[in-house]
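To be precise, the following lines are coords_27.cif, and they hold mmCIF, C-alpha atoms, pLDDT in the B column; chains and numbers go by the auth columns.
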```cif
data_model
#
loop_
_atom_site.group_PDB
_atom_site.id
_atom_site.type_symbol
_atom_site.label_atom_id
_atom_site.label_comp_id
_atom_site.label_asym_id
_atom_site.label_seq_id
_atom_site.Cartn_x
_atom_site.Cartn_y
_atom_site.Cartn_z
_atom_site.B_iso_or_equiv
_atom_site.auth_seq_id
_atom_site.auth_asym_id
ATOM 1 C CA MET A 1 19.455 -23.357 -19.153 71.00 246 A
ATOM 2 C CA LYS A 2 22.000 -26.113 -19.106 84.00 247 A
ATOM 3 C CA GLU A 3 21.059 -29.475 -20.571 86.00 248 A
ATOM 4 C CA ASN A 4 20.945 -32.712 -18.523 87.00 249 A
ATOM 5 C CA ILE A 5 21.500 -31.202 -15.044 90.00 250 A
ATOM 6 C CA HIS A 6 17.936 -31.393 -13.738 89.00 251 A
ATOM 7 C CA PRO A 7 16.552 -34.587 -12.151 89.00 252 A
ATOM 8 C CA ASN A 8 13.576 -36.380 -13.685 91.00 253 A
ATOM 9 C CA TYR A 9 10.257 -35.117 -12.322 91.00 254 A
ATOM 10 C CA ILE A 10 7.961 -38.154 -12.281 94.00 255 A
ATOM 11 C CA GLU A 11 4.670 -39.261 -10.744 96.00 256 A
ATOM 12 C CA CYS A 12 5.086 -40.327 -7.129 95.00 257 A
ATOM 13 C CA GLN A 13 2.959 -42.396 -4.745 96.00 258 A
ATOM 14 C CA VAL A 14 2.816 -40.912 -1.215 94.00 259 A
ATOM 15 C CA SER A 15 1.710 -43.208 1.643 94.00 260 A
ATOM 16 C CA CYS A 16 0.881 -42.181 5.200 91.00 261 A
ATOM 17 C CA ALA A 17 1.153 -44.392 8.268 88.00 262 A
ATOM 18 C CA CYS A 18 -2.617 -44.024 8.791 88.00 263 A
ATOM 19 C CA GLY A 19 -3.254 -45.776 5.467 90.00 264 A
ATOM 20 C CA VAL A 20 -4.095 -42.814 3.229 90.00 265 A
ATOM 21 C CA SER A 21 -2.228 -42.586 -0.060 93.00 266 A
ATOM 22 C CA TRP A 22 -2.240 -40.120 -2.945 93.00 267 A
ATOM 23 C CA THR A 23 -0.355 -39.383 -6.137 95.00 268 A
ATOM 24 C CA THR A 24 1.781 -36.338 -6.732 95.00 269 A
ATOM 25 C CA ARG A 25 4.940 -35.507 -8.649 95.00 270 A
ATOM 26 C CA SER A 26 8.466 -35.672 -7.276 95.00 271 A
ATOM 27 C CA THR A 27 11.990 -36.759 -8.109 94.00 272 A
ATOM 28 C CA LYS A 28 11.380 -39.960 -6.103 94.00 273 A
ATOM 29 C CA LYS A 29 9.074 -42.837 -7.087 94.00 274 A
ATOM 30 C CA GLU A 30 7.669 -43.403 -3.598 95.00 275 A
ATOM 31 C CA ILE A 31 7.459 -41.360 -0.370 93.00 276 A
ATOM 32 C CA GLN A 32 6.310 -42.632 3.039 93.00 277 A
ATOM 33 C CA VAL A 33 5.218 -40.134 5.697 89.00 278 A
ATOM 34 C CA GLU A 34 4.245 -40.632 9.339 87.00 279 A
ATOM 35 C CA ILE A 35 1.472 -38.038 9.511 85.00 280 A
ATOM 36 C CA CYS A 36 -0.710 -36.293 6.933 85.00 281 A
ATOM 37 C CA SER A 37 -3.615 -33.848 6.839 81.00 282 A
ATOM 38 C CA SER A 38 -6.084 -36.721 7.289 83.00 283 A
ATOM 39 C CA CYS A 39 -4.659 -37.781 10.653 83.00 284 A
ATOM 40 C CA HIS A 40 -2.913 -34.642 11.976 78.00 285 A
ATOM 41 C CA PRO A 41 -4.692 -33.229 15.072 72.00 286 A
ATOM 42 C CA PHE A 42 -4.651 -29.660 13.691 73.00 287 A
ATOM 43 C CA PHE A 43 -6.707 -30.650 10.640 69.00 288 A
ATOM 44 C CA THR A 44 -8.968 -33.214 12.351 73.00 289 A
ATOM 45 C CA GLY A 45 -9.876 -30.937 15.274 73.00 290 A
ATOM 46 C CA LYS A 46 -8.931 -33.546 17.870 72.00 291 A
ATOM 47 C CA HIS A 47 -6.438 -31.451 19.813 65.00 292 A
ATOM 48 C CA LYS A 48 -5.328 -32.914 23.076 61.00 293 A
ATOM 49 C CA LEU A 49 -3.735 -30.765 25.731 57.00 294 A
ATOM 50 C CA VAL A 50 -1.021 -32.872 27.277 57.00 295 A
ATOM 51 C CA ASP A 51 -0.353 -31.783 30.851 57.00 296 A
ATOM 52 C CA THR A 52 2.956 -33.154 32.059 63.00 297 A
ATOM 53 C CA ALA A 53 3.588 -32.750 35.782 68.00 298 A
ATOM 54 C CA GLY A 54 1.041 -29.917 36.196 74.00 299 A
ATOM 55 C CA ARG A 55 2.794 -27.481 33.867 76.00 300 A
ATOM 56 C CA VAL A 56 -0.447 -25.971 32.589 74.00 301 A
ATOM 57 C CA GLU A 57 -1.801 -25.346 36.086 79.00 302 A
ATOM 58 C CA ARG A 58 1.501 -23.905 37.217 81.00 303 A
ATOM 59 C CA PHE A 59 1.511 -21.542 34.209 81.00 304 A
ATOM 60 C CA GLN A 60 -2.080 -20.470 34.867 81.00 305 A
ATOM 61 C CA ARG A 61 -1.353 -19.798 38.548 83.00 306 A
ATOM 62 C CA LYS A 62 1.721 -17.774 37.700 85.00 307 A
ATOM 63 C CA TYR A 63 0.334 -15.712 34.830 86.00 308 A
ATOM 64 C CA GLY A 64 -3.412 -15.781 35.483 79.00 309 A
ATOM 65 C CA LYS A 65 -6.140 -17.727 33.770 65.00 310 A
ATOM 66 C CA LYS A 66 -7.310 -14.912 31.502 64.00 311 A
ATOM 67 C CA SER A 67 -5.178 -13.058 29.055 57.00 312 A
ATOM 68 C CA SER A 68 -5.715 -9.324 28.833 56.00 313 A
ATOM 69 C CA PRO A 69 -6.781 -8.024 25.409 59.00 314 A
ATOM 70 C CA ALA A 70 -4.210 -5.978 23.548 59.00 315 A
ATOM 71 C CA SER A 71 -4.850 -2.279 23.816 54.00 316 A
ATOM 72 C CA ALA A 72 -5.538 -0.741 20.424 48.00 317 A
#
```

Representation of the structure as structure tokens:
Amino acid sequence: MKENIHPNYIECQVSCACGVSWTTRSTKKEIQVEICSSCHPFFTGKHKLVDTAGRVERFQRKYGKKSSPASA
């Protein structure tokens, strides 16, 4: 491997917009993120189905409310 071509890999403080912070390692000293696993709806279980202009109802009317199971 070549000498002196790799960046320094140092401890890094990561901060989320929700207030959670943790330490990891990176080439940067500090990272700020907007969403993390503590506040993301997928991990918290607080999914919200956003229905804009009746798109969900229109889809259900067009394709049916139940999906047929895949034939095996």

Can you find the residues with an atom no farther than 10 Å from (0.7, -41.6, 2.0), counting all atoms listed in the file, and report them as a VMD selection string?
chain A and resid 258 to 268 275 to 281 283

Could you state the separation of CA of Tyr308 (chain A) and CA of His285 (chain A) in Å, given to one decimal place?
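These two atoms are separated by 29.9 Å.
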
Here's the selection I'm unsure about, the PyMOL selection byres ((chain A and resi 252) around 10); applied to the file above, which residues does it give, as a compact mmCIF listing (two decimals) with C-alpha atoms, in the coordinates of the input?
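Below is the file expr_25.txt, written as the result:
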```
# COMPACT_ATOMS: atom_id res chain seq x y z
CA ASN A 249 20.94 -32.71 -18.52
CA ILE A 250 21.50 -31.20 -15.04
CA HIS A 251 17.94 -31.39 -13.74
CA ASN A 253 13.58 -36.38 -13.68
CA TYR A 254 10.26 -35.12 -12.32
CA ILE A 255 7.96 -38.15 -12.28
CA SER A 271 8.47 -35.67 -7.28
CA THR A 272 11.99 -36.76 -8.11
CA LYS A 273 11.38 -39.96 -6.10
```

Could the centre and edge lengths of an axis-aligned box, enclosing all atoms of region 246-254 of chain A in the file with 3 Å extra on each side, be given in Å to one decimal as JSON?
```
{"center_x": 16.1, "center_y": -29.9, "center_z": -16.4, "size_x": 17.7, "size_y": 19.0, "size_z": 14.4}
```

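Relative to CA of Arg270 (chain A), CA of Glu248 (chain A) is found at 20.9 Å.
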
Between CA of Gly309 (chain A) and CA of Lys291 (chain A) - distance in Å to one decimal:
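Straight-line distance from CA of Lys291 (chain A) to CA of Gly309 (chain A) works out to 25.6 Å.
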